[in-house]
Amino acid sequence: MPTRIHCVHCDAPAKYLYYNNGLLKSQVRCKVCSQVSQVNPKFKRSEKAKFFCPHCGNALFFWKRRKEVTIHKCCNDNCSCRINALNKLNPLEKALQKLHGSHFKLCYQYREYHFTVNEITPSSPDKPLVDISKIHNSQNVLGLVLAFYVSFATSARKTAFILRSVFNINVSYQTVLNYAESSAYYCHKFNLKNKGPVGSRQAGDETYIKIAGKTNFTFFFISPQRHKITSYHVADSRETLPAIIAMNEAIRTAAPNQKFTLVSDGNPSYPAGIHFLNQLYKSAGFIKHQKVIGLQNLDAESALFRPFKQLVERLNRTYKYHVRPACGFNSFNGAVALTTLFVTHYNFLRPHMSLDYQVPIPMTELEIISTVQGKWAKIISMAS
């Protein structure tokens, strides 16, 4: 232990101190007062240092490494960031901080993410093996399949039964699934191309689905202005990368210099993802995060942004009604395909009472068509 190090709490000399975090040697505990303090070494901008604190200029040390991110931390006790954070604590928090210093994040931290920009791509249906324009049935039959299977939320077997019993159209339930997966490939491009401008405030959440008996998640972001879905992504986890993919797509069509406020629950993946996106676009405060905690308004932030959270929760219930999550999916591509078709239905075909029974994204080409199956056929022809 260097003799220059003293306990910052009781000023005990180095012989009464010992390292408290192993080989890192950045934290010491005092044998006299039992308090923990950060070591304040002679900071130098050495060639080995990779990151530096923007507040005090000292080199950051490696702190934690996780699957998606490596966290670097400033260990300067006199750093202005730490001092300002410490001054913001109330008396009770300051007393608790002396007993359990690790409960408070006072020092500056920098997150180095391990994924690249090329990985920030929303899930999309696989390219179909059969050209949708060369199927044996007419485009009107294809529209009927999508109308019953997606818009009216009937199962594939029931859709095939209705077509046989009511319209005398002989299709199997497997044909219904094949038509849906083939159409989803083109509808995904249609959804992204025609999303249009997005609002500065959006609400996001994830809901679970079952794929091959395992729990997966669908991420949604919705704009309150027109109630349109601005982003959707299916993933096998609720970690940071899926949240980043969903948020990045939600702001993709932003206007120049437009800033965003994204509302979510307490899932830590969202603030971590916003931190990454602000670094990616090199604009501090480009995206701000507001969180709504629990079912009751126990804080001012939750009370103010509760309507946004309720909006996306309502979307989740509508989504589950259409995709029937209790039944589950046999394949990941089947889940992505039906999710894509649901977004097409929700944004372009489903009228909303709050919008005077207009669709979230009106299109002149669809307004002149009176039937649901005709609108589906038109969307497929426009997208393919």
# chains A, B, ... in the order shown; residues from 1 in each chain; ligands from 1
>>> select_by_dssp(residues="region 101-149 of chain A", states="alpha helix (DSSP H)", output="PyMOL selection string")
chain A and resi 139-146
>>> closest_atom_pairs(of="region 161-249 of chain A", to="region 45-69 of chain A", cutoff="12 Å", atoms="only C-alpha atoms", output="tab-separated table")
residue	atom	partner	partner_atom	distance
A:Glu239	CA	A:Glu68	CA	8.7
A:Thr240	CA	A:Glu68	CA	7.5
A:Leu241	CA	A:Glu68	CA	7.7
A:Pro242	CA	A:Glu68	CA	11.2
A:Ile244	CA	A:Glu68	CA	11.6
>>> select_by_dssp(residues="region 158-376 of chain A", states="strand (DSSP E)", output="PyMOL selection string")
chain A and resi 201-211+214-223+228-235+260-264+287-291
>>> write_last_selection(atoms="C-alpha atoms", output="tab-separated table (two decimals), in the first residue's frame")
chain	number	residue	atom	x	y	z
A	201	ARG	CA	-42.95	11.75	-27.60
A	202	GLN	CA	-43.37	8.02	-27.93
A	203	ALA	CA	-44.22	5.17	-25.59
A	204	GLY	CA	-42.55	1.78	-25.68
A	205	ASP	CA	-42.91	-1.57	-24.01
A	206	GLU	CA	-42.28	-5.27	-24.58
A	207	THR	CA	-44.75	-8.12	-24.27
A	208	TYR	CA	-44.09	-11.85	-24.15
A	209	ILE	CA	-44.94	-14.48	-26.76
A	210	LYS	CA	-44.18	-18.19	-26.94
A	211	ILE	CA	-42.00	-19.62	-29.73
A	214	LYS	CA	-39.86	-20.73	-25.03
A	215	THR	CA	-40.60	-17.18	-23.94
A	216	ASN	CA	-39.73	-14.48	-26.45
A	217	PHE	CA	-40.59	-10.79	-26.54
A	218	THR	CA	-42.11	-8.32	-28.97
A	219	PHE	CA	-41.03	-4.69	-28.60
A	220	PHE	CA	-43.37	-1.89	-29.67
A	221	PHE	CA	-43.16	1.89	-29.81
A	222	ILE	CA	-46.26	3.95	-30.52
A	223	SER	CA	-46.79	7.64	-31.22
A	228	LYS	CA	-49.45	4.64	-35.10
A	229	ILE	CA	-46.88	1.96	-34.40
A	230	THR	CA	-43.48	3.46	-35.12
A	231	SER	CA	-41.38	0.41	-34.31
A	232	TYR	CA	-41.70	-3.35	-33.78
A	233	HIS	CA	-39.09	-6.00	-33.11
A	234	VAL	CA	-39.21	-9.65	-32.02
A	235	ALA	CA	-36.33	-10.94	-29.84
A	260	PHE	CA	-37.30	12.79	-28.49
A	261	THR	CA	-38.76	11.77	-25.17
A	262	LEU	CA	-39.27	8.02	-24.91
A	263	VAL	CA	-41.55	6.70	-22.16
A	264	SER	CA	-41.18	3.16	-20.83
A	287	ILE	CA	-33.16	11.29	-26.62
A	288	LYS	CA	-34.50	11.67	-23.10
A	289	HIS	CA	-36.05	8.92	-21.05
A	290	GLN	CA	-39.09	9.03	-18.80
A	291	LYS	CA	-40.15	5.97	-16.83
>>> residues_around(residues="Gly374 (chain A)", least_positions_apart="5", cutoff="12 Å", atoms="only C-alpha atoms", output="count of residues only")
19
>>> atom_distance(atom1="CA of Tyr346 (chain A)", atom2="CA of Thr159 (chain A)")
19.4 Å
>>> closest_residue(among="A:Asn21, A:Ser37, A:Gln109, A:Thr318", to="Ala153 (chain A)", atoms="only C-alpha atoms")
A:Thr318
>>> residues_around(residues="region 170-185 of chain A", least_positions_apart="3", cutoff="9 Å", atoms="only C-alpha atoms", output="number ranges by chain")
A: 124-132, 135, 142, 145-146, 149-150, 155-161, 163-165, 167, 188-189, 333-334, 336-341, 344, 380, 384
>>> write_last_selection(atoms="N, CA and C atoms", output="mmCIF file, in the first residue's frame")
data_model
loop_
_atom_site.group_PDB
_atom_site.id
_atom_site.type_symbol
_atom_site.label_atom_id
_atom_site.label_comp_id
_atom_site.auth_asym_id
_atom_site.auth_seq_id
_atom_site.Cartn_x
_atom_site.Cartn_y
_atom_site.Cartn_z
ATOM 1 N N SER A 124 -37.075 -9.125 -39.380
ATOM 2 C CA SER A 124 -37.870 -9.096 -40.601
ATOM 3 C C SER A 124 -38.169 -10.517 -41.052
ATOM 4 N N PRO A 125 -39.305 -10.737 -41.704
ATOM 5 C CA PRO A 125 -39.646 -12.090 -42.176
ATOM 6 C C PRO A 125 -38.665 -12.568 -43.241
ATOM 7 N N ASP A 126 -38.493 -13.870 -43.295
ATOM 8 C CA ASP A 126 -37.622 -14.458 -44.312
ATOM 9 C C ASP A 126 -38.216 -14.280 -45.704
ATOM 10 N N LYS A 127 -37.342 -14.207 -46.690
ATOM 11 C CA LYS A 127 -37.804 -14.102 -48.067
ATOM 12 C C LYS A 127 -38.513 -15.387 -48.467
ATOM 13 N N PRO A 128 -39.737 -15.293 -49.020
ATOM 14 C CA PRO A 128 -40.503 -16.512 -49.344
ATOM 15 C C PRO A 128 -39.877 -17.269 -50.501
ATOM 16 N N LEU A 129 -40.063 -18.590 -50.485
ATOM 17 C CA LEU A 129 -39.560 -19.430 -51.577
ATOM 18 C C LEU A 129 -40.435 -19.327 -52.816
ATOM 19 N N VAL A 130 -41.716 -18.985 -52.626
ATOM 20 C CA VAL A 130 -42.665 -18.905 -53.729
ATOM 21 C C VAL A 130 -43.056 -17.450 -53.935
ATOM 22 N N ASP A 131 -43.060 -17.014 -55.180
ATOM 23 C CA ASP A 131 -43.468 -15.657 -55.512
ATOM 24 C C ASP A 131 -44.964 -15.505 -55.253
ATOM 25 N N ILE A 132 -45.340 -14.503 -54.465
ATOM 26 C CA ILE A 132 -46.738 -14.332 -54.087
ATOM 27 C C ILE A 132 -47.620 -14.007 -55.292
ATOM 28 N N ILE A 135 -49.123 -17.468 -57.215
ATOM 29 C CA ILE A 135 -49.894 -18.486 -56.513
ATOM 30 C C ILE A 135 -51.069 -18.920 -57.376
ATOM 31 N N LEU A 142 -56.262 -14.233 -51.768
ATOM 32 C CA LEU A 142 -55.170 -13.860 -50.851
ATOM 33 C C LEU A 142 -55.641 -12.790 -49.880
ATOM 34 N N VAL A 145 -57.837 -14.352 -47.229
ATOM 35 C CA VAL A 145 -57.034 -15.078 -46.242
ATOM 36 C C VAL A 145 -56.476 -14.112 -45.201
ATOM 37 N N LEU A 146 -55.892 -13.010 -45.652
ATOM 38 C CA LEU A 146 -55.310 -12.048 -44.727
ATOM 39 C C LEU A 146 -56.384 -11.323 -43.919
ATOM 40 N N TYR A 149 -57.512 -14.058 -41.292
ATOM 41 C CA TYR A 149 -56.425 -14.534 -40.437
ATOM 42 C C TYR A 149 -55.813 -13.416 -39.593
ATOM 43 N N VAL A 150 -55.716 -12.206 -40.147
ATOM 44 C CA VAL A 150 -55.067 -11.098 -39.447
ATOM 45 C C VAL A 150 -56.089 -10.104 -38.914
ATOM 46 N N SER A 155 -57.966 -18.185 -36.378
ATOM 47 C CA SER A 155 -56.824 -19.074 -36.536
ATOM 48 C C SER A 155 -56.711 -19.526 -37.988
ATOM 49 N N ALA A 156 -55.588 -20.137 -38.306
ATOM 50 C CA ALA A 156 -55.382 -20.618 -39.672
ATOM 51 C C ALA A 156 -56.392 -21.700 -40.032
ATOM 52 N N ARG A 157 -56.674 -22.603 -39.106
ATOM 53 C CA ARG A 157 -57.649 -23.671 -39.371
ATOM 54 C C ARG A 157 -59.056 -23.098 -39.546
ATOM 55 N N LYS A 158 -59.418 -22.145 -38.697
ATOM 56 C CA LYS A 158 -60.754 -21.562 -38.814
ATOM 57 C C LYS A 158 -60.868 -20.727 -40.078
ATOM 58 N N THR A 159 -59.790 -20.048 -40.466
ATOM 59 C CA THR A 159 -59.804 -19.286 -41.713
ATOM 60 C C THR A 159 -60.031 -20.197 -42.909
ATOM 61 N N ALA A 160 -59.328 -21.321 -42.940
ATOM 62 C CA ALA A 160 -59.525 -22.278 -44.037
ATOM 63 C C ALA A 160 -60.946 -22.833 -44.025
ATOM 64 N N PHE A 161 -61.497 -23.085 -42.839
ATOM 65 C CA PHE A 161 -62.862 -23.602 -42.723
ATOM 66 C C PHE A 161 -63.884 -22.581 -43.225
ATOM 67 N N LEU A 163 -63.382 -20.148 -45.437
ATOM 68 C CA LEU A 163 -63.266 -20.012 -46.888
ATOM 69 C C LEU A 163 -63.929 -21.180 -47.612
ATOM 70 N N ARG A 164 -63.811 -22.385 -47.037
ATOM 71 C CA ARG A 164 -64.457 -23.540 -47.659
ATOM 72 C C ARG A 164 -65.970 -23.500 -47.475
ATOM 73 N N SER A 165 -66.419 -23.148 -46.263
ATOM 74 C CA SER A 165 -67.839 -23.248 -45.937
ATOM 75 C C SER A 165 -68.654 -22.078 -46.467
ATOM 76 N N PHE A 167 -67.339 -19.392 -48.750
ATOM 77 C CA PHE A 167 -67.001 -18.904 -50.092
ATOM 78 C C PHE A 167 -66.707 -20.028 -51.084
ATOM 79 N N HIS A 188 -43.533 -6.003 -44.607
ATOM 80 C CA HIS A 188 -42.492 -5.404 -43.769
ATOM 81 C C HIS A 188 -41.868 -4.209 -44.483
ATOM 82 N N LYS A 189 -41.545 -4.369 -45.759
ATOM 83 C CA LYS A 189 -41.004 -3.252 -46.534
ATOM 84 C C LYS A 189 -42.026 -2.126 -46.647
ATOM 85 N N ASN A 333 -39.711 -17.312 -37.457
ATOM 86 C CA ASN A 333 -40.179 -16.593 -38.642
ATOM 87 C C ASN A 333 -41.700 -16.453 -38.644
ATOM 88 N N GLY A 334 -42.412 -17.467 -38.138
ATOM 89 C CA GLY A 334 -43.863 -17.357 -38.049
ATOM 90 C C GLY A 334 -44.295 -16.253 -37.107
ATOM 91 N N VAL A 336 -42.481 -13.506 -36.358
ATOM 92 C CA VAL A 336 -42.149 -12.228 -36.987
ATOM 93 C C VAL A 336 -43.155 -11.904 -38.088
ATOM 94 N N ALA A 337 -43.560 -12.925 -38.852
ATOM 95 C CA ALA A 337 -44.496 -12.700 -39.955
ATOM 96 C C ALA A 337 -45.846 -12.205 -39.455
ATOM 97 N N LEU A 338 -46.408 -12.858 -38.441
ATOM 98 C CA LEU A 338 -47.716 -12.441 -37.949
ATOM 99 C C LEU A 338 -47.631 -11.081 -37.258
ATOM 100 N N THR A 339 -46.525 -10.802 -36.580
ATOM 101 C CA THR A 339 -46.336 -9.477 -35.974
ATOM 102 C C THR A 339 -46.293 -8.404 -37.044
ATOM 103 N N THR A 340 -45.601 -8.674 -38.135
ATOM 104 C CA THR A 340 -45.523 -7.714 -39.241
ATOM 105 C C THR A 340 -46.896 -7.452 -39.838
ATOM 106 N N LEU A 341 -47.673 -8.512 -40.068
ATOM 107 C CA LEU A 341 -49.009 -8.351 -40.634
ATOM 108 C C LEU A 341 -49.927 -7.601 -39.673
ATOM 109 N N THR A 344 -49.197 -3.943 -40.074
ATOM 110 C CA THR A 344 -49.830 -3.450 -41.304
ATOM 111 C C THR A 344 -51.312 -3.212 -41.093
ATOM 112 N N ILE A 380 -50.460 -5.561 -50.939
ATOM 113 C CA ILE A 380 -49.502 -6.540 -51.451
ATOM 114 C C ILE A 380 -49.019 -6.113 -52.831
ATOM 115 N N SER A 384 -45.040 -5.355 -53.472
ATOM 116 C CA SER A 384 -44.268 -6.356 -54.218
ATOM 117 C C SER A 384 -43.800 -5.838 -55.565
#
>>> closest_atom_pairs(of="region 101-138 of chain A", to="region 75-86 of chain A", cutoff="8 Å", atoms="only C-alpha atoms", output="tab-separated table")
residue	atom	partner	partner_atom	distance
A:Leu106	CA	A:Arg82	CA	5.0
A:Cys107	CA	A:Arg82	CA	4.8
A:Tyr108	CA	A:Cys81	CA	6.2
>>> write_last_selection(atoms="N, CA and C atoms", output="mmCIF file, in the first residue's frame")
data_model
loop_
_atom_site.group_PDB
_atom_site.id
_atom_site.type_symbol
_atom_site.label_atom_id
_atom_site.label_comp_id
_atom_site.auth_asym_id
_atom_site.auth_seq_id
_atom_site.Cartn_x
_atom_site.Cartn_y
_atom_site.Cartn_z
ATOM 1 N N LEU A 106 -22.283 7.589 -7.825
ATOM 2 C CA LEU A 106 -21.862 8.982 -7.759
ATOM 3 C C LEU A 106 -20.781 9.313 -8.783
ATOM 4 N N CYS A 107 -19.938 8.374 -9.096
ATOM 5 C CA CYS A 107 -18.813 8.630 -9.993
ATOM 6 C C CYS A 107 -19.247 8.538 -11.454
ATOM 7 N N TYR A 108 -18.522 9.232 -12.292
ATOM 8 C CA TYR A 108 -18.808 9.191 -13.728
ATOM 9 C C TYR A 108 -18.507 7.809 -14.287
#
>>> atom_distance(atom1="CA of Ala272 (chain A)", atom2="CA of Ala95 (chain A)")
28.4 Å
>>> atom_distance(atom1="CA of Arg111 (chain A)", atom2="CA of Gly273 (chain A)")
10.5 Å
>>> residues_around(residues="Leu277 (chain A)", least_positions_apart="2", cutoff="10 Å", atoms="only C-alpha atoms", output="list of chain:residue names")
A:Ile244, A:Ile245, A:Met247, A:Asn248, A:Pro271, A:Ala272, A:Gly273, A:Ile274, A:His275, A:Gln279, A:Leu280, A:Tyr281, A:Lys282, A:Ser283, A:Ala284, A:Phe286, A:Ile287
>>> closest_residue(among="A:Cys327, A:Lys98, A:His227, A:Gln373", to="Phe308 (chain A)", atoms="only C-alpha atoms")
A:His227
>>> residues_around(residues="Gln358 (chain A)", least_positions_apart="4", cutoff="10 Å", atoms="only C-alpha atoms", output="list in words")
Arg226, Phe348, Leu349, Arg350, Pro351, His352, Met353, Ser354, Pro362 and Glu367 of chain A
>>> write_last_selection(atoms="C-alpha atoms", output="PDB file, in the first residue's frame")
ATOM      1  CA  ARG A 226     -51.812   9.427 -34.599  1.00  0.00           C
ATOM      2  CA  PHE A 348     -53.218   1.112 -42.425  1.00  0.00           C
ATOM      3  CA  LEU A 349     -56.506  -0.805 -42.060  1.00  0.00           C
ATOM      4  CA  ARG A 350     -57.819  -0.557 -38.506  1.00  0.00           C
ATOM      5  CA  PRO A 351     -59.997   2.542 -37.824  1.00  0.00           C
ATOM      6  CA  HIS A 352     -59.590   4.201 -34.417  1.00  0.00           C
ATOM      7  CA  MET A 353     -62.449   5.807 -32.530  1.00  0.00           C
ATOM      8  CA  SER A 354     -60.065   8.430 -31.099  1.00  0.00           C
ATOM      9  CA  PRO A 362     -54.259   7.129 -44.201  1.00  0.00           C
ATOM     10  CA  GLU A 367     -59.406   4.893 -49.072  1.00  0.00           C
TER      11      GLU A 367
END
>>> closest_residue(among="A:Gln97, A:Ser123, A:Asn347, A:Ser26", to="Phe190 (chain A)", atoms="only C-alpha atoms")
A:Asn347
